[in-house]
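Okay, target_27.pdb is below, PDB, N, CA and C atoms, pLDDT in the B column:
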ATOM      1  N   MET A   1      68.371 -76.412   1.643  1.00 49.00           N
ATOM      2  CA  MET A   1      67.862 -76.686   2.961  1.00 49.00           C
ATOM      3  C   MET A   1      68.526 -77.955   3.470  1.00 49.00           C
ATOM      4  N   ALA A   2      68.999 -77.940   4.691  1.00 50.00           N
ATOM      5  CA  ALA A   2      69.715 -79.073   5.267  1.00 50.00           C
ATOM      6  C   ALA A   2      68.747 -80.153   5.722  1.00 50.00           C
ATOM      7  N   LYS A   3      69.202 -81.399   5.593  1.00 51.00           N
ATOM      8  CA  LYS A   3      68.405 -82.522   6.076  1.00 51.00           C
ATOM      9  C   LYS A   3      68.512 -82.599   7.590  1.00 51.00           C
ATOM     10  N   VAL A   4      67.406 -82.901   8.220  1.00 51.00           N
ATOM     11  CA  VAL A   4      67.383 -83.030   9.666  1.00 51.00           C
ATOM     12  C   VAL A   4      67.040 -84.469  10.002  1.00 51.00           C
ATOM     13  N   GLY A   5      67.669 -85.006  11.026  1.00 52.00           N
ATOM     14  CA  GLY A   5      67.345 -86.365  11.448  1.00 52.00           C
ATOM     15  C   GLY A   5      68.442 -87.333  11.077  1.00 52.00           C
ATOM     16  N   LYS A   6      68.180 -88.593  11.374  1.00 56.00           N
ATOM     17  CA  LYS A   6      69.149 -89.638  11.125  1.00 56.00           C
ATOM     18  C   LYS A   6      69.211 -89.948   9.632  1.00 56.00           C
ATOM     19  N   PRO A   7      70.410 -89.994   9.064  1.00 54.00           N
ATOM     20  CA  PRO A   7      70.520 -90.342   7.655  1.00 54.00           C
ATOM     21  C   PRO A   7      70.150 -91.806   7.449  1.00 54.00           C
ATOM     22  N   SER A   8      69.672 -92.121   6.258  1.00 54.00           N
ATOM     23  CA  SER A   8      69.291 -93.507   5.987  1.00 54.00           C
ATOM     24  C   SER A   8      70.536 -94.372   5.916  1.00 54.00           C
ATOM     25  N   ALA A   9      70.333 -95.656   6.079  1.00 55.00           N
ATOM     26  CA  ALA A   9      71.444 -96.599   6.069  1.00 55.00           C
ATOM     27  C   ALA A   9      72.122 -96.575   4.707  1.00 55.00           C
ATOM     28  N   PRO A  10      73.452 -96.523   4.671  1.00 59.00           N
ATOM     29  CA  PRO A  10      74.143 -96.449   3.394  1.00 59.00           C
ATOM     30  C   PRO A  10      74.031 -97.719   2.572  1.00 59.00           C
ATOM     31  N   ASP A  11      73.695 -98.839   3.207  1.00 64.00           N
ATOM     32  CA  ASP A  11      73.615-100.086   2.458  1.00 64.00           C
ATOM     33  C   ASP A  11      72.240-100.318   1.842  1.00 64.00           C
ATOM     34  N   GLY A  12      71.272 -99.428   2.079  1.00 69.00           N
ATOM     35  CA  GLY A  12      69.966 -99.516   1.437  1.00 69.00           C
ATOM     36  C   GLY A  12      69.000-100.483   2.087  1.00 69.00           C
ATOM     37  N   THR A  13      69.200-100.839   3.357  1.00 69.00           N
ATOM     38  CA  THR A  13      68.288-101.790   3.998  1.00 69.00           C
ATOM     39  C   THR A  13      66.898-101.207   4.162  1.00 69.00           C
ATOM     40  N   THR A  14      66.789 -99.901   4.375  1.00 75.00           N
ATOM     41  CA  THR A  14      65.466 -99.283   4.500  1.00 75.00           C
ATOM     42  C   THR A  14      64.692 -99.434   3.198  1.00 75.00           C
ATOM     43  N   THR A  15      65.344 -99.173   2.103  1.00 78.00           N
ATOM     44  CA  THR A  15      64.717 -99.317   0.798  1.00 78.00           C
ATOM     45  C   THR A  15      64.327-100.771   0.547  1.00 78.00           C
ATOM     46  N   LEU A  16      65.180-101.689   0.945  1.00 77.00           N
ATOM     47  CA  LEU A  16      64.891-103.106   0.773  1.00 77.00           C
ATOM     48  C   LEU A  16      63.663-103.513   1.571  1.00 77.00           C
ATOM     49  N   ILE A  17      63.561-103.076   2.806  1.00 77.00           N
ATOM     50  CA  ILE A  17      62.415-103.435   3.650  1.00 77.00           C
ATOM     51  C   ILE A  17      61.122-102.871   3.068  1.00 77.00           C
ATOM     52  N   PHE A  18      61.148-101.607   2.658  1.00 81.00           N
ATOM     53  CA  PHE A  18      59.949-101.033   2.051  1.00 81.00           C
ATOM     54  C   PHE A  18      59.589-101.754   0.756  1.00 81.00           C
ATOM     55  N   GLY A  19      60.574-102.138  -0.019  1.00 83.00           N
ATOM     56  CA  GLY A  19      60.309-102.889  -1.243  1.00 83.00           C
ATOM     57  C   GLY A  19      59.645-104.224  -0.951  1.00 83.00           C
ATOM     58  N   ILE A  20      60.116-104.913   0.081  1.00 82.00           N
ATOM     59  CA  ILE A  20      59.516-106.192   0.464  1.00 82.00           C
ATOM     60  C   ILE A  20      58.083-105.986   0.942  1.00 82.00           C
ATOM     61  N   VAL A  21      57.869-104.967   1.774  1.00 82.00           N
ATOM     62  CA  VAL A  21      56.518-104.700   2.293  1.00 82.00           C
ATOM     63  C   VAL A  21      55.555-104.396   1.149  1.00 82.00           C
ATOM     64  N   PHE A  22      55.951-103.533   0.232  1.00 87.00           N
ATOM     65  CA  PHE A  22      55.083-103.180  -0.888  1.00 87.00           C
ATOM     66  C   PHE A  22      54.819-104.387  -1.789  1.00 87.00           C
ATOM     67  N   THR A  23      55.816-105.225  -1.987  1.00 87.00           N
ATOM     68  CA  THR A  23      55.641-106.418  -2.807  1.00 87.00           C
ATOM     69  C   THR A  23      54.651-107.388  -2.160  1.00 87.00           C
ATOM     70  N   VAL A  24      54.779-107.597  -0.852  1.00 85.00           N
ATOM     71  CA  VAL A  24      53.871-108.505  -0.148  1.00 85.00           C
ATOM     72  C   VAL A  24      52.438-107.969  -0.170  1.00 85.00           C
ATOM     73  N   VAL A  25      52.282-106.680   0.115  1.00 86.00           N
ATOM     74  CA  VAL A  25      50.936-106.097   0.112  1.00 86.00           C
ATOM     75  C   VAL A  25      50.333-106.138  -1.294  1.00 86.00           C
ATOM     76  N   GLY A  26      51.114-105.797  -2.296  1.00 89.00           N
ATOM     77  CA  GLY A  26      50.620-105.839  -3.671  1.00 89.00           C
ATOM     78  C   GLY A  26      50.270-107.248  -4.115  1.00 89.00           C
ATOM     79  N   GLY A  27      51.117-108.205  -3.754  1.00 89.00           N
ATOM     80  CA  GLY A  27      50.829-109.597  -4.081  1.00 89.00           C
ATOM     81  C   GLY A  27      49.573-110.097  -3.384  1.00 89.00           C
ATOM     82  N   ALA A  28      49.396-109.695  -2.128  1.00 86.00           N
ATOM     83  CA  ALA A  28      48.191-110.093  -1.384  1.00 86.00           C
ATOM     84  C   ALA A  28      46.942-109.508  -2.032  1.00 86.00           C
ATOM     85  N   LEU A  29      47.011-108.250  -2.412  1.00 87.00           N
ATOM     86  CA  LEU A  29      45.866-107.636  -3.090  1.00 87.00           C
ATOM     87  C   LEU A  29      45.536-108.356  -4.395  1.00 87.00           C
ATOM     88  N   LEU A  30      46.568-108.698  -5.147  1.00 91.00           N
ATOM     89  CA  LEU A  30      46.354-109.377  -6.425  1.00 91.00           C
ATOM     90  C   LEU A  30      45.755-110.768  -6.223  1.00 91.00           C
ATOM     91  N   ILE A  31      46.299-111.522  -5.281  1.00 90.00           N
ATOM     92  CA  ILE A  31      45.779-112.875  -5.023  1.00 90.00           C
ATOM     93  C   ILE A  31      44.336-112.806  -4.550  1.00 90.00           C
ATOM     94  N   GLU A  32      44.054-111.872  -3.649  1.00 89.00           N
ATOM     95  CA  GLU A  32      42.688-111.752  -3.149  1.00 89.00           C
ATOM     96  C   GLU A  32      41.725-111.357  -4.269  1.00 89.00           C
ATOM     97  N   ARG A  33      42.172-110.466  -5.133  1.00 92.00           N
ATOM     98  CA  ARG A  33      41.326-109.992  -6.236  1.00 92.00           C
ATOM     99  C   ARG A  33      41.064-111.107  -7.253  1.00 92.00           C
ATOM    100  N   LEU A  34      42.092-111.897  -7.556  1.00 93.00           N
ATOM    101  CA  LEU A  34      41.958-112.937  -8.574  1.00 93.00           C
ATOM    102  C   LEU A  34      41.258-114.194  -8.068  1.00 93.00           C
ATOM    103  N   THR A  35      41.517-114.573  -6.815  1.00 92.00           N
ATOM    104  CA  THR A  35      40.995-115.854  -6.327  1.00 92.00           C
ATOM    105  C   THR A  35      39.874-115.706  -5.307  1.00 92.00           C
ATOM    106  N   GLY A  36      39.765-114.559  -4.685  1.00 89.00           N
ATOM    107  CA  GLY A  36      38.775-114.376  -3.635  1.00 89.00           C
ATOM    108  C   GLY A  36      39.200-114.997  -2.314  1.00 89.00           C
ATOM    109  N   ALA A  37      40.445-115.484  -2.240  1.00 86.00           N
ATOM    110  CA  ALA A  37      40.958-116.086  -1.012  1.00 86.00           C
ATOM    111  C   ALA A  37      41.126-115.001   0.055  1.00 86.00           C
ATOM    112  N   PRO A  38      40.862-115.333   1.310  1.00 87.00           N
ATOM    113  CA  PRO A  38      40.975-114.341   2.390  1.00 87.00           C
ATOM    114  C   PRO A  38      42.437-114.102   2.802  1.00 87.00           C
ATOM    115  N   VAL A  39      43.204-113.491   1.923  1.00 84.00           N
ATOM    116  CA  VAL A  39      44.632-113.264   2.154  1.00 84.00           C
ATOM    117  C   VAL A  39      44.858-112.337   3.338  1.00 84.00           C
ATOM    118  N   TRP A  40      44.016-111.344   3.514  1.00 81.00           N
ATOM    119  CA  TRP A  40      44.208-110.377   4.602  1.00 81.00           C
ATOM    120  C   TRP A  40      44.097-111.032   5.968  1.00 81.00           C
ATOM    121  N   ASP A  41      43.291-112.100   6.071  1.00 84.00           N
ATOM    122  CA  ASP A  41      43.212-112.819   7.342  1.00 84.00           C
ATOM    123  C   ASP A  41      44.570-113.406   7.716  1.00 84.00           C
ATOM    124  N   TYR A  42      45.253-113.988   6.740  1.00 81.00           N
ATOM    125  CA  TYR A  42      46.575-114.561   6.995  1.00 81.00           C
ATOM    126  C   TYR A  42      47.598-113.480   7.310  1.00 81.00           C
ATOM    127  N   LEU A  43      47.571-112.406   6.545  1.00 79.00           N
ATOM    128  CA  LEU A  43      48.523-111.317   6.788  1.00 79.00           C
ATOM    129  C   LEU A  43      48.273-110.660   8.140  1.00 79.00           C
ATOM    130  N   TRP A  44      47.005-110.537   8.526  1.00 82.00           N
ATOM    131  CA  TRP A  44      46.685-109.909   9.803  1.00 82.00           C
ATOM    132  C   TRP A  44      47.240-110.734  10.957  1.00 82.00           C
ATOM    133  N   ARG A  45      47.242-112.048  10.817  1.00 86.00           N
ATOM    134  CA  ARG A  45      47.797-112.903  11.863  1.00 86.00           C
ATOM    135  C   ARG A  45      49.316-112.798  11.928  1.00 86.00           C
ATOM    136  N   LEU A  46      49.942-112.432  10.833  1.00 82.00           N
ATOM    137  CA  LEU A  46      51.406-112.384  10.781  1.00 82.00           C
ATOM    138  C   LEU A  46      51.987-110.986  10.971  1.00 82.00           C
ATOM    139  N   TRP A  47      51.167-109.976  11.325  1.00 81.00           N
ATOM    140  CA  TRP A  47      51.697-108.619  11.431  1.00 81.00           C
ATOM    141  C   TRP A  47      52.805-108.478  12.463  1.00 81.00           C
ATOM    142  N   PRO A  48      52.865-109.282  13.532  1.00 87.00           N
ATOM    143  CA  PRO A  48      54.002-109.135  14.455  1.00 87.00           C
ATOM    144  C   PRO A  48      55.348-109.422  13.797  1.00 87.00           C
ATOM    145  N   VAL A  49      55.334-110.193  12.719  1.00 85.00           N
ATOM    146  CA  VAL A  49      56.583-110.466  12.013  1.00 85.00           C
ATOM    147  C   VAL A  49      57.180-109.161  11.482  1.00 85.00           C
ATOM    148  N   LEU A  50      56.339-108.243  11.046  1.00 79.00           N
ATOM    149  CA  LEU A  50      56.816-106.945  10.571  1.00 79.00           C
ATOM    150  C   LEU A  50      57.542-106.198  11.688  1.00 79.00           C
ATOM    151  N   LEU A  51      57.000-106.235  12.888  1.00 83.00           N
ATOM    152  CA  LEU A  51      57.670-105.592  14.022  1.00 83.00           C
ATOM    153  C   LEU A  51      59.020-106.247  14.317  1.00 83.00           C
ATOM    154  N   ILE A  52      59.068-107.567  14.220  1.00 88.00           N
ATOM    155  CA  ILE A  52      60.321-108.280  14.463  1.00 88.00           C
ATOM    156  C   ILE A  52      61.363-107.895  13.420  1.00 88.00           C
ATOM    157  N   VAL A  53      60.964-107.847  12.164  1.00 82.00           N
ATOM    158  CA  VAL A  53      61.894-107.486  11.088  1.00 82.00           C
ATOM    159  C   VAL A  53      62.412-106.065  11.285  1.00 82.00           C
ATOM    160  N   MET A  54      61.524-105.149  11.648  1.00 81.00           N
ATOM    161  CA  MET A  54      61.950-103.764  11.871  1.00 81.00           C
ATOM    162  C   MET A  54      62.894-103.682  13.068  1.00 81.00           C
ATOM    163  N   GLY A  55      62.629-104.437  14.122  1.00 85.00           N
ATOM    164  CA  GLY A  55      63.510-104.448  15.285  1.00 85.00           C
ATOM    165  C   GLY A  55      64.887-104.990  14.963  1.00 85.00           C
ATOM    166  N   VAL A  56      64.930-106.057  14.181  1.00 87.00           N
ATOM    167  CA  VAL A  56      66.219-106.635  13.786  1.00 87.00           C
ATOM    168  C   VAL A  56      66.989-105.641  12.933  1.00 87.00           C
ATOM    169  N   LYS A  57      66.298-104.940  12.043  1.00 83.00           N
ATOM    170  CA  LYS A  57      66.965-103.930  11.212  1.00 83.00           C
ATOM    171  C   LYS A  57      67.573-102.824  12.067  1.00 83.00           C
ATOM    172  N   ILE A  58      66.829-102.366  13.074  1.00 83.00           N
ATOM    173  CA  ILE A  58      67.331-101.313  13.960  1.00 83.00           C
ATOM    174  C   ILE A  58      68.563-101.797  14.713  1.00 83.00           C
ATOM    175  N   LEU A  59      68.503-103.028  15.225  1.00 87.00           N
ATOM    176  CA  LEU A  59      69.660-103.574  15.944  1.00 87.00           C
ATOM    177  C   LEU A  59      70.875-103.716  15.028  1.00 87.00           C
ATOM    178  N   LEU A  60      70.668-104.230  13.831  1.00 85.00           N
ATOM    179  CA  LEU A  60      71.786-104.386  12.899  1.00 85.00           C
ATOM    180  C   LEU A  60      72.384-103.046  12.516  1.00 85.00           C
ATOM    181  N   ASP A  61      71.539-102.049  12.274  1.00 82.00           N
ATOM    182  CA  ASP A  61      72.046-100.705  11.964  1.00 82.00           C
ATOM    183  C   ASP A  61      72.867-100.157  13.118  1.00 82.00           C
ATOM    184  N   HIS A  62      72.385-100.352  14.339  1.00 82.00           N
ATOM    185  CA  HIS A  62      73.087 -99.838  15.513  1.00 82.00           C
ATOM    186  C   HIS A  62      74.462-100.491  15.653  1.00 82.00           C
ATOM    187  N   TYR A  63      74.504-101.830  15.567  1.00 82.00           N
ATOM    188  CA  TYR A  63      75.773-102.523  15.752  1.00 82.00           C
ATOM    189  C   TYR A  63      76.736-102.300  14.600  1.00 82.00           C
ATOM    190  N   SER A  64      76.236-102.184  13.385  1.00 82.00           N
ATOM    191  CA  SER A  64      77.140-101.930  12.264  1.00 82.00           C
ATOM    192  C   SER A  64      77.703-100.514  12.345  1.00 82.00           C
ATOM    193  N   GLN A  65      76.889 -99.550  12.790  1.00 79.00           N
ATOM    194  CA  GLN A  65      77.389 -98.186  12.950  1.00 79.00           C
ATOM    195  C   GLN A  65      78.407 -98.121  14.080  1.00 79.00           C
ATOM    196  N   ALA A  66      78.149 -98.814  15.183  1.00 77.00           N
ATOM    197  CA  ALA A  66      79.090 -98.817  16.298  1.00 77.00           C
ATOM    198  C   ALA A  66      80.408 -99.456  15.883  1.00 77.00           C
ATOM    199  N   ARG A  67      80.331-100.533  15.108  1.00 78.00           N
ATOM    200  CA  ARG A  67      81.557-101.194  14.661  1.00 78.00           C
ATOM    201  C   ARG A  67      82.327-100.300  13.699  1.00 78.00           C
ATOM    202  N   ARG A  68      81.600 -99.606  12.809  1.00 76.00           N
ATOM    203  CA  ARG A  68      82.251 -98.684  11.879  1.00 76.00           C
ATOM    204  C   ARG A  68      82.956 -97.560  12.627  1.00 76.00           C
ATOM    205  N   LEU A  69      82.297 -97.004  13.643  1.00 76.00           N
ATOM    206  CA  LEU A  69      82.905 -95.924  14.419  1.00 76.00           C
ATOM    207  C   LEU A  69      84.120 -96.425  15.183  1.00 76.00           C
ATOM    208  N   ARG A  70      84.026 -97.627  15.754  1.00 75.00           N
ATOM    209  CA  ARG A  70      85.144 -98.193  16.494  1.00 75.00           C
ATOM    210  C   ARG A  70      86.309 -98.457  15.548  1.00 75.00           C
ATOM    211  N   HIS A  71      86.027 -98.982  14.364  1.00 70.00           N
ATOM    212  CA  HIS A  71      87.066 -99.261  13.375  1.00 70.00           C
ATOM    213  C   HIS A  71      87.706 -97.965  12.897  1.00 70.00           C
ATOM    214  N   HIS A  72      86.881 -96.942  12.673  1.00 68.00           N
ATOM    215  CA  HIS A  72      87.398 -95.652  12.206  1.00 68.00           C
ATOM    216  C   HIS A  72      88.269 -94.999  13.275  1.00 68.00           C
ATOM    217  N   SER A  73      87.877 -95.093  14.539  1.00 72.00           N
ATOM    218  CA  SER A  73      88.651 -94.449  15.603  1.00 72.00           C
ATOM    219  C   SER A  73      89.986 -95.156  15.801  1.00 72.00           C
ATOM    220  N   GLN A  74      90.067 -96.438  15.487  1.00 68.00           N
ATOM    221  CA  GLN A  74      91.344 -97.152  15.597  1.00 68.00           C
ATOM    222  C   GLN A  74      92.302 -96.763  14.483  1.00 68.00           C
ATOM    223  N   LYS A  75      91.761 -96.398  13.329  1.00 64.00           N
ATOM    224  CA  LYS A  75      92.598 -96.007  12.187  1.00 64.00           C
ATOM    225  C   LYS A  75      93.053 -94.551  12.286  1.00 64.00           C
ATOM    226  N   THR A  76      92.347 -93.745  13.054  1.00 56.00           N
ATOM    227  CA  THR A  76      92.682 -92.332  13.134  1.00 56.00           C
ATOM    228  C   THR A  76      94.028 -92.166  13.840  1.00 56.00           C
ATOM    229  N   PRO A  77      94.983 -91.537  13.174  1.00 58.00           N
ATOM    230  CA  PRO A  77      96.285 -91.362  13.824  1.00 58.00           C
ATOM    231  C   PRO A  77      96.177 -90.403  15.001  1.00 58.00           C
ATOM    232  N   ARG A  78      96.851 -90.733  16.017  1.00 59.00           N
ATOM    233  CA  ARG A  78      96.859 -89.874  17.209  1.00 59.00           C
ATOM    234  C   ARG A  78      98.065 -88.947  17.131  1.00 59.00           C
ATOM    235  N   GLY A  79      97.939 -87.836  17.783  1.00 56.00           N
ATOM    236  CA  GLY A  79      99.015 -86.845  17.784  1.00 56.00           C
ATOM    237  C   GLY A  79     100.221 -87.345  18.555  1.00 56.00           C
ATOM    238  N   PRO A  80     101.281 -86.560  18.557  1.00 59.00           N
ATOM    239  CA  PRO A  80     102.486 -86.968  19.293  1.00 59.00           C
ATOM    240  C   PRO A  80     102.183 -87.137  20.778  1.00 59.00           C
ATOM    241  N   GLN A  81     102.794 -88.150  21.344  1.00 57.00           N
ATOM    242  CA  GLN A  81     102.537 -88.422  22.765  1.00 57.00           C
ATOM    243  C   GLN A  81     103.765 -88.280  23.586  1.00 57.00           C
TER     244      GLN A  81
END
Take the structure in the file and write it out as structure tokens.
Amino acid sequence: MAKVGKPSAPDGTTTLIFGIVFTVVGGALLIERLTGAPVWDYLWRLWPVLLIVMGVKILLDHYSQARRLRHHSQKTPRGPQ
């Protein structure tokens, strides 16, 4: 069965972002469980940072793909003129 949709970034940034998110959430759960500190209050105040990080990732993916396509089209030999 063929994959549908945009392929993931070849450099693994999607995997890296999910790894960071899971690590932060897991660490917050552990700290809250061990110390009783209100970690979720702090994380809830910082949730816009997640949107910013995702936006920067989208922009970087877009510009790196555009640069790759531009670089590839310059290397492609053209037919006789």
Gap from atom C of Gln65 of chain A to atom C of Val53 of chain A - Å, one decimal
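Calculated distance between atom C of Gln65 of chain A and atom C of Val53 of chain A is 18.1 Å.
For the atom pair formed by atom C of Leu60 of chain A and atom CA of Tyr42 of chain A, the distance is 28.8 Å, given to one decimal.
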Would you work out the distance separating atom C of Met54 of chain A from atom C of Ile17 of chain A, expressed in Å to one decimal?
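Going from atom C of Met54 of chain A over to atom C of Ile17 of chain A covers 10.2 Å.
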Report the centre and edge lengths, in Å to one decimal, of an axis-aligned box enclosing every atom of segment 28-35 of chain A listed in the file, padded by 3 Å on each side, as AutoDock Vina command-line options.
--center_x 44.6 --center_y -111.7 --center_z -5.0 --size_x 15.5 --size_y 14.2 --size_z 13.2
So that I can see what lies close to Lys57 of chain A, please list as an MDAnalysis selection string the residues with an atom at most 8 Å from it, counting only N, CA and C atoms and leaving out residues fewer than 5 positions away in the same chain.
chainID A and resid 13:14 51:52 62:63
Excluding Val25 of chain A and any residue of its chain fewer than 4 positions from it, enumerate the residues within 12 Å of it, using only C-alpha atoms, and give them as a PyMOL selection string.
chain A and resi 18-21+29-32+39-40+42-44+47
Could you write out, as a VMD selection string, all the residues of segment 4-63 of chain A that DSSP marks as alpha helix (DSSP H)?
chain A and resid 13 to 35 39 to 45 47 to 63
